[in-house]
file final.tsv (TSV, C-alpha atoms)
chain	number	residue	atom	x	y	z
A	1	MET	CA	76.56	107.52	106.38
A	2	VAL	CA	78.35	104.24	107.09
A	3	LYS	CA	81.54	104.79	109.07
A	4	ALA	CA	84.68	102.70	108.68
A	5	ALA	CA	84.64	102.19	112.45
A	6	ASP	CA	81.16	100.69	112.24
A	7	ARG	CA	82.34	98.17	109.66
A	8	ALA	CA	85.36	97.26	111.76
A	9	LYS	CA	83.00	96.12	114.54
A	10	ASN	CA	81.56	93.38	112.34
A	11	PRO	CA	83.92	92.71	109.40
A	12	ALA	CA	82.19	89.46	108.41
A	13	ARG	CA	79.08	91.48	107.52
A	14	SER	CA	80.88	94.43	105.99
A	15	SER	CA	79.69	94.97	102.46
A	16	VAL	CA	77.89	97.72	100.60
A	17	TRP	CA	75.45	95.01	99.47
A	18	LEU	CA	74.46	94.24	103.07
A	19	GLU	CA	73.82	97.82	104.13
A	20	VAL	CA	70.73	99.95	103.81
A	21	ARG	CA	71.72	103.46	102.87
A	22	GLU	CA	69.31	106.23	103.75
A	23	PRO	CA	68.65	108.45	100.70
A	24	ARG	CA	69.96	112.00	100.91
A	25	SER	CA	67.42	114.78	100.86
A	26	GLY	CA	67.29	117.12	97.89
A	27	GLY	CA	69.04	116.54	94.57
A	28	GLY	CA	72.57	115.36	93.95
A	29	PRO	CA	75.26	117.28	92.08
A	30	ALA	CA	74.30	117.98	88.47
A	31	GLY	CA	75.68	115.52	85.92
A	32	LEU	CA	76.89	113.06	88.53
A	33	ASP	CA	75.50	109.65	89.40
A	34	ARG	CA	76.77	106.37	90.79
A	35	ASP	CA	77.29	104.78	87.38
A	36	ARG	CA	79.54	107.65	86.29
A	37	ILE	CA	81.50	107.45	89.55
A	38	VAL	CA	82.00	103.71	89.17
A	39	ALA	CA	83.04	103.96	85.51
A	40	ALA	CA	85.66	106.56	86.40
A	41	ALA	CA	86.88	104.45	89.31
A	42	ILE	CA	87.33	101.43	87.04
A	43	ARG	CA	89.40	103.49	84.61
A	44	MET	CA	91.61	104.71	87.45
A	45	LEU	CA	91.94	101.24	88.95
A	46	ASP	CA	92.92	99.77	85.59
A	47	GLU	CA	95.55	102.44	85.07
A	48	GLU	CA	96.95	102.90	88.58
A	49	GLY	CA	95.78	100.03	90.80
A	50	LEU	CA	94.09	99.84	94.18
A	51	ALA	CA	96.75	101.65	96.19
A	52	LYS	CA	96.41	104.91	94.27
A	53	LEU	CA	92.63	105.18	94.27
A	54	SER	CA	91.35	107.88	96.60
A	55	MET	CA	88.17	109.90	96.92
A	56	ARG	CA	90.15	113.07	96.26
A	57	LYS	CA	91.75	111.78	93.06
A	58	LEU	CA	88.47	110.30	91.86
A	59	ALA	CA	86.69	113.61	92.44
A	60	ALA	CA	89.39	115.40	90.46
A	61	GLU	CA	88.97	112.91	87.62
A	62	LEU	CA	85.25	113.68	87.57
A	63	ASN	CA	85.84	117.43	87.98
A	64	VAL	CA	83.72	117.60	91.12
A	65	THR	CA	84.41	118.16	94.80
A	66	ALA	CA	85.21	115.19	97.00
A	67	MET	CA	82.10	115.90	99.06
A	68	SER	CA	79.98	115.43	95.92
A	69	LEU	CA	80.92	111.75	95.86
A	70	TYR	CA	79.48	111.20	99.32
A	71	TRP	CA	76.06	111.93	97.92
A	72	TYR	CA	76.20	108.49	96.29
A	73	VAL	CA	78.72	106.46	98.31
A	74	ASP	CA	79.92	106.44	101.90
A	75	THR	CA	83.48	105.11	101.55
A	76	LYS	CA	86.15	104.18	99.05
A	77	ASP	CA	85.35	100.55	99.85
A	78	ASP	CA	81.83	101.12	98.53
A	79	ILE	CA	83.25	102.31	95.23
A	80	ILE	CA	85.54	99.31	94.94
A	81	GLU	CA	82.69	96.89	95.61
A	82	PHE	CA	80.49	98.63	93.03
A	83	ALA	CA	83.40	98.55	90.57
A	84	MET	CA	83.95	94.84	91.19
A	85	ASP	CA	80.35	94.00	90.46
A	86	SER	CA	80.34	96.17	87.36
A	87	VAL	CA	83.31	94.18	86.07
A	88	TYR	CA	81.51	90.89	86.73
A	89	GLY	CA	78.85	92.33	84.46
A	90	GLU	CA	81.35	92.08	81.59
A	91	PHE	CA	80.96	88.30	81.51
A	92	ASP	CA	79.31	87.16	78.29
A	93	LEU	CA	76.71	84.99	79.97
A	94	ALA	CA	74.69	84.71	76.75
A	95	ALA	CA	77.64	82.84	75.23
A	96	VAL	CA	77.79	80.65	78.33
A	97	ASP	CA	74.10	79.78	78.02
A	98	ALA	CA	74.54	79.03	74.32
A	99	ALA	CA	77.37	76.57	74.99
A	100	ASP	CA	76.58	72.87	74.52
A	101	GLY	CA	76.77	70.88	77.74
A	102	TRP	CA	78.57	71.40	81.03
A	103	ARG	CA	82.06	71.04	79.55
A	104	ASP	CA	81.63	73.89	77.09
A	105	ARG	CA	79.85	76.03	79.67
A	106	LEU	CA	82.66	75.47	82.15
A	107	ARG	CA	85.23	76.35	79.47
A	108	ALA	CA	83.34	79.51	78.55
A	109	LEU	CA	83.09	80.62	82.18
A	110	ALA	CA	86.78	79.92	82.79
A	111	VAL	CA	87.75	81.95	79.72
A	112	GLU	CA	85.54	84.85	80.79
A	113	TYR	CA	87.02	84.80	84.29
A	114	ARG	CA	90.58	84.77	82.98
A	115	THR	CA	89.76	87.63	80.60
A	116	MET	CA	88.33	89.69	83.46
A	117	LEU	CA	91.37	89.14	85.69
A	118	VAL	CA	93.81	90.07	82.93
A	119	ARG	CA	91.83	93.13	81.81
A	120	HIS	CA	91.46	94.38	85.40
A	121	PRO	CA	94.57	93.43	87.47
A	122	TRP	CA	93.11	95.00	90.63
A	123	MET	CA	90.37	92.36	90.69
A	124	SER	CA	92.72	89.66	91.98
A	125	PRO	CA	93.48	91.28	95.35
A	126	SER	CA	89.94	92.66	95.61
A	127	ALA	CA	88.32	89.24	95.22
A	128	GLY	CA	89.89	88.05	98.45
A	129	GLN	CA	89.35	91.29	100.34
A	130	TYR	CA	85.68	91.97	99.66
A	131	LEU	CA	82.55	89.86	99.54
A	132	ASN	CA	81.62	89.06	95.95
A	133	ILE	CA	77.87	89.28	96.44
A	134	GLY	CA	76.74	92.00	94.06
A	135	PRO	CA	74.00	91.11	91.54
A	136	HIS	CA	76.38	90.45	88.65
A	137	ALA	CA	78.77	88.42	90.81
A	138	MET	CA	75.89	86.32	92.12
A	139	GLU	CA	74.65	85.71	88.58
A	140	VAL	CA	78.11	84.54	87.50
A	141	GLY	CA	78.35	82.34	90.58
A	142	GLY	CA	74.99	80.81	89.74
A	143	LYS	CA	76.12	79.94	86.22
A	144	ILE	CA	79.26	78.31	87.63
A	145	GLN	CA	77.25	76.27	90.08
A	146	GLU	CA	74.80	75.16	87.38
A	147	ALA	CA	77.65	73.96	85.16
A	148	VAL	CA	79.37	72.08	87.98
A	149	ARG	CA	76.08	70.57	89.14
A	150	ASP	CA	75.49	69.20	85.65
A	151	THR	CA	78.81	67.30	85.71
A	152	GLY	CA	77.12	64.58	87.72
A	153	LEU	CA	79.49	64.89	90.65
A	154	PRO	CA	77.97	64.29	94.10
A	155	ARG	CA	76.90	67.49	95.78
A	156	ASP	CA	79.61	67.27	98.43
A	157	ARG	CA	82.28	67.08	95.68
A	158	GLN	CA	80.96	69.93	93.57
A	159	PRO	CA	82.65	72.68	95.65
A	160	SER	CA	85.97	70.87	95.24
A	161	ALA	CA	85.58	70.75	91.46
A	162	THR	CA	84.63	74.43	91.43
A	163	SER	CA	87.77	75.23	93.41
A	164	ALA	CA	89.97	73.11	91.13
A	165	VAL	CA	88.83	74.99	88.03
A	166	PHE	CA	88.32	78.52	89.23
A	167	GLN	CA	91.16	78.77	91.72
A	168	PHE	CA	93.39	77.61	88.87
A	169	VAL	CA	91.93	80.36	86.66
A	170	TYR	CA	92.35	82.89	89.49
A	171	GLY	CA	96.02	82.03	89.90
A	172	TYR	CA	96.69	81.87	86.19
A	173	GLY	CA	94.92	85.16	85.44
A	174	THR	CA	96.66	86.87	88.35
A	175	ILE	CA	100.15	85.85	87.21
A	176	GLU	CA	99.35	86.75	83.61
A	177	SER	CA	98.01	90.18	84.53
A	178	GLN	CA	100.99	90.95	86.77
A	179	PHE	CA	103.44	89.87	84.06
A	180	ARG	CA	101.71	92.23	81.60
A	181	ARG	CA	101.89	95.02	84.17
A	182	ARG	CA	105.61	94.48	84.80
A	183	ALA	CA	106.34	94.50	81.07
A	184	ALA	CA	104.31	97.67	80.55
A	185	GLU	CA	106.03	99.42	83.45
A	186	ALA	CA	109.39	98.52	81.89
A	187	GLY	CA	108.25	100.03	78.59
A	188	MET	CA	108.58	96.66	76.86
A	189	SER	CA	106.32	94.22	75.06
A	190	GLN	CA	105.59	90.94	76.79
A	191	ASP	CA	107.87	89.14	74.32
A	192	GLU	CA	110.75	91.55	74.92
A	193	PHE	CA	110.35	91.38	78.68
A	194	TYR	CA	110.22	87.57	78.66
A	195	VAL	CA	113.28	87.21	76.45
A	196	GLU	CA	115.32	89.69	78.50
A	197	SER	CA	114.32	88.24	81.87
A	198	ILE	CA	115.08	84.65	80.84
A	199	LYS	CA	118.37	85.69	79.26
A	200	ALA	CA	119.35	87.53	82.45
A	201	PHE	CA	119.52	84.41	84.57
A	202	ARG	CA	120.47	81.94	81.82
A	203	ASP	CA	123.60	83.99	81.22
A	204	ASP	CA	124.39	84.22	84.92
A	205	PRO	CA	127.03	81.61	85.97
A	206	GLY	CA	125.45	81.43	89.39
A	207	PHE	CA	122.40	79.72	87.88
A	208	ALA	CA	124.33	77.21	85.76
A	209	GLU	CA	123.79	74.26	88.11
A	210	SER	CA	120.18	74.92	89.09
A	211	LEU	CA	119.19	75.67	85.49
A	212	GLY	CA	119.70	72.08	84.35
A	213	PRO	CA	116.27	70.60	85.24
A	214	VAL	CA	114.35	73.48	83.64
A	215	ALA	CA	116.53	74.22	80.60
A	216	GLU	CA	114.56	71.91	78.29
A	217	ILE	CA	111.27	73.47	79.33
A	218	LEU	CA	112.62	76.96	78.73
A	219	ASP	CA	113.83	75.92	75.28
A	220	GLU	CA	110.47	74.33	74.48
A	221	ARG	CA	108.54	77.44	75.50
A	222	ALA	CA	110.86	79.64	73.43
A	223	SER	CA	109.98	77.57	70.35
A	224	HIS	CA	106.27	78.35	70.46
A	225	GLY	CA	106.07	81.91	69.20
A	226	SER	CA	104.90	84.85	71.25
A	227	VAL	CA	104.26	85.01	74.98
A	228	THR	CA	100.56	85.55	74.25
A	229	GLU	CA	100.47	82.27	72.35
A	230	ILE	CA	102.19	80.54	75.26
A	231	TRP	CA	99.68	81.97	77.72
A	232	ASP	CA	96.78	80.72	75.59
A	233	ARG	CA	98.30	77.32	74.86
A	234	ASP	CA	99.11	76.53	78.48
A	235	PHE	CA	95.77	77.81	79.76
A	236	ASP	CA	93.75	75.79	77.26
A	237	TYR	CA	95.63	72.58	77.95
A	238	ALA	CA	95.53	72.98	81.73
A	239	LEU	CA	91.79	73.61	81.57
A	240	GLU	CA	91.34	70.44	79.50
A	241	VAL	CA	93.32	68.49	82.13
A	242	LEU	CA	90.94	69.74	84.82
A	243	ILE	CA	87.82	68.94	82.80
A	244	ALA	CA	89.20	65.47	82.05
A	245	GLY	CA	89.85	65.07	85.77
A	246	ILE	CA	86.22	65.89	86.56
A	247	GLU	CA	85.09	63.36	83.94
A	248	ALA	CA	87.37	60.74	85.48
A	249	MET	CA	86.03	61.39	88.98
A	250	VAL	CA	82.44	61.12	87.75
A	251	SER	CA	83.24	57.82	86.04
A	252	ARG	CA	85.06	56.54	89.12
A	253	GLY	CA	82.04	57.31	91.28
A	254	THR	CA	79.74	55.48	88.88
A	255	ALA	CA	82.06	52.48	88.54
A	256	THR	CA	82.36	52.07	92.31
A	257	GLY	CA	78.66	52.48	92.95
A	258	GLY	CA	79.00	55.97	94.39
A	259	THR	CA	75.76	57.81	94.97
A	260	ARG	CA	74.87	61.24	93.71
A	261	THR	CA	73.00	63.66	95.91
call {"tool": "encode", "arguments": {"input": "final.tsv", "output": "structure tokens"}}
result
Amino acid sequence: MVKAADRAKNPARSSVWLEVREPRSGGGPAGLDRDRIVAAAIRMLDEEGLAKLSMRKLAAELNVTAMSLYWYVDTKDDIIEFAMDSVYGEFDLAAVDAADGWRDRLRALAVEYRTMLVRHPWMSPSAGQYLNIGPHAMEVGGKIQEAVRDTGLPRDRQPSATSAVFQFVYGYGTIESQFRRRAAEAGMSQDEFYVESIKAFRDDPGFAESLGPVAEILDERASHGSVTEIWDRDFDYALEVLIAGIEAMVSRGTATGGTRT
């Protein structure tokens, strides 16, 4: 069994995907396997978040003893890493492969990433806390790299382009998912929550002066239907700006005689 203390000694190499787990002797608990554990963990994480996941609560959800879980995993961190990779498996990579050219493949990957972050709000903090090196995550990463490589950018600029697109998606999906969570916790729709929150400070005299520069933007956003439509509209346009930026940088490199490696 891998101990938390052992992982603390070498955090840079701490991942369930880097460890060799000795198989337990005998048979595991009837009706239980790692896939079932991970599926239950994902349901709990979606509903309650990272902070409330525990081995005890997960065992209760599965109607088994907590010790039964240790037949298949060593720590809660193992479960989270397995859950993360399972979620990366939700990417529709067939649709990505069917897309025409690097632009459409990059768009498809960005949309899939945003969808994943919004569907599973716990993925945002997990992505920065754990290594994303499970088989599904690595497959997604490979598709991203292939699309960015095909832009024609020099190799030393490809990581920057990847960051521009997918760190944007990470931030956008994180904010969107947290806004949905806040609205749900308040027992309101996204539209209701947005209208009430904007009205709260627009009606506050203390914000009268600072509101000036953003009033027109708030009015413009309010004229475009539902919050969901605003999310989609802004995401699509921002993504097009980034893709156009990549195209411009490729053209600039060609025009100035830049080399591609």
call {"tool": "residues_near_point", "arguments": {"input": "final.tsv", "point": "(75.9, 107.1, 96.0)", "cutoff": "12 Å", "atoms": "only C-alpha atoms", "output": "number ranges by chain"}}
result
A: 1-2, 16, 20-24, 27-29, 32-38, 67-76, 78-79, 82
call {"tool": "atom_distance", "arguments": {"input": "final.tsv", "atom1": "atom CA of Gly49 of chain A", "atom2": "atom CA of Tyr113 of chain A"}}
result
18.7 Å
call {"tool": "atom_distance", "arguments": {"input": "final.tsv", "atom1": "atom CA of Glu185 of chain A", "atom2": "atom CA of Tyr172 of chain A"}}
result
20.1 Å
call {"tool": "residues_near_point", "arguments": {"input": "final.tsv", "point": "(82.2, 90.0, 95.2)", "cutoff": "12 Å", "atoms": "only C-alpha atoms", "output": "number ranges by chain"}}
result
A: 14-18, 77-78, 80-89, 123-141
call {"tool": "residues_around", "arguments": {"input": "final.tsv", "residues": "Ala110 of chain A", "least_positions_apart": "2", "cutoff": "12 Å", "atoms": "only C-alpha atoms", "output": "PyMOL selection string"}}
result
chain A and resi 91-93+96+102-108+112-117+140-141+143-144+147-148+162-173+235-236+238-240+242-243
call {"tool": "atom_distance", "arguments": {"input": "final.tsv", "atom1": "atom CA of Leu58 of chain A", "atom2": "atom CA of Arg119 of chain A"}}
result
20.2 Å
call {"tool": "closest_residue", "arguments": {"input": "final.tsv", "among": "A:Glu196, A:Glu19, A:Glu146, A:Glu48", "to": "Gln158 of chain A", "atoms": "only C-alpha atoms"}}
result
A:Glu146
call {"tool": "decode", "arguments": {"input": "final.tsv", "residues": "segment 157-174 of chain A", "atoms": "C-alpha atoms", "output": "PDB file, in the first residue's frame"}}
result
ATOM      1  CA  ARG A 157       6.233  28.838 -30.196  1.00  0.00           C
ATOM      2  CA  GLN A 158       3.823  25.924 -30.162  1.00  0.00           C
ATOM      3  CA  PRO A 159       3.676  25.669 -26.328  1.00  0.00           C
ATOM      4  CA  SER A 160       2.807  29.374 -26.174  1.00  0.00           C
ATOM      5  CA  ALA A 161      -0.065  28.922 -28.623  1.00  0.00           C
ATOM      6  CA  THR A 162      -1.284  25.909 -26.661  1.00  0.00           C
ATOM      7  CA  SER A 163      -1.245  27.988 -23.486  1.00  0.00           C
ATOM      8  CA  ALA A 164      -3.072  30.889 -25.149  1.00  0.00           C
ATOM      9  CA  VAL A 165      -5.942  28.663 -26.240  1.00  0.00           C
ATOM     10  CA  PHE A 166      -6.270  26.152 -23.451  1.00  0.00           C
ATOM     11  CA  GLN A 167      -5.467  28.360 -20.493  1.00  0.00           C
ATOM     12  CA  PHE A 168      -8.169  30.667 -21.839  1.00  0.00           C
ATOM     13  CA  VAL A 169     -10.566  27.698 -21.990  1.00  0.00           C
ATOM     14  CA  TYR A 170      -9.508  26.626 -18.488  1.00  0.00           C
ATOM     15  CA  GLY A 171     -10.249  30.059 -17.060  1.00  0.00           C
ATOM     16  CA  TYR A 172     -13.476  30.473 -18.986  1.00  0.00           C
ATOM     17  CA  GLY A 173     -14.783  27.012 -18.095  1.00  0.00           C
ATOM     18  CA  THR A 174     -13.829  27.488 -14.448  1.00  0.00           C
TER      19      THR A 174
END
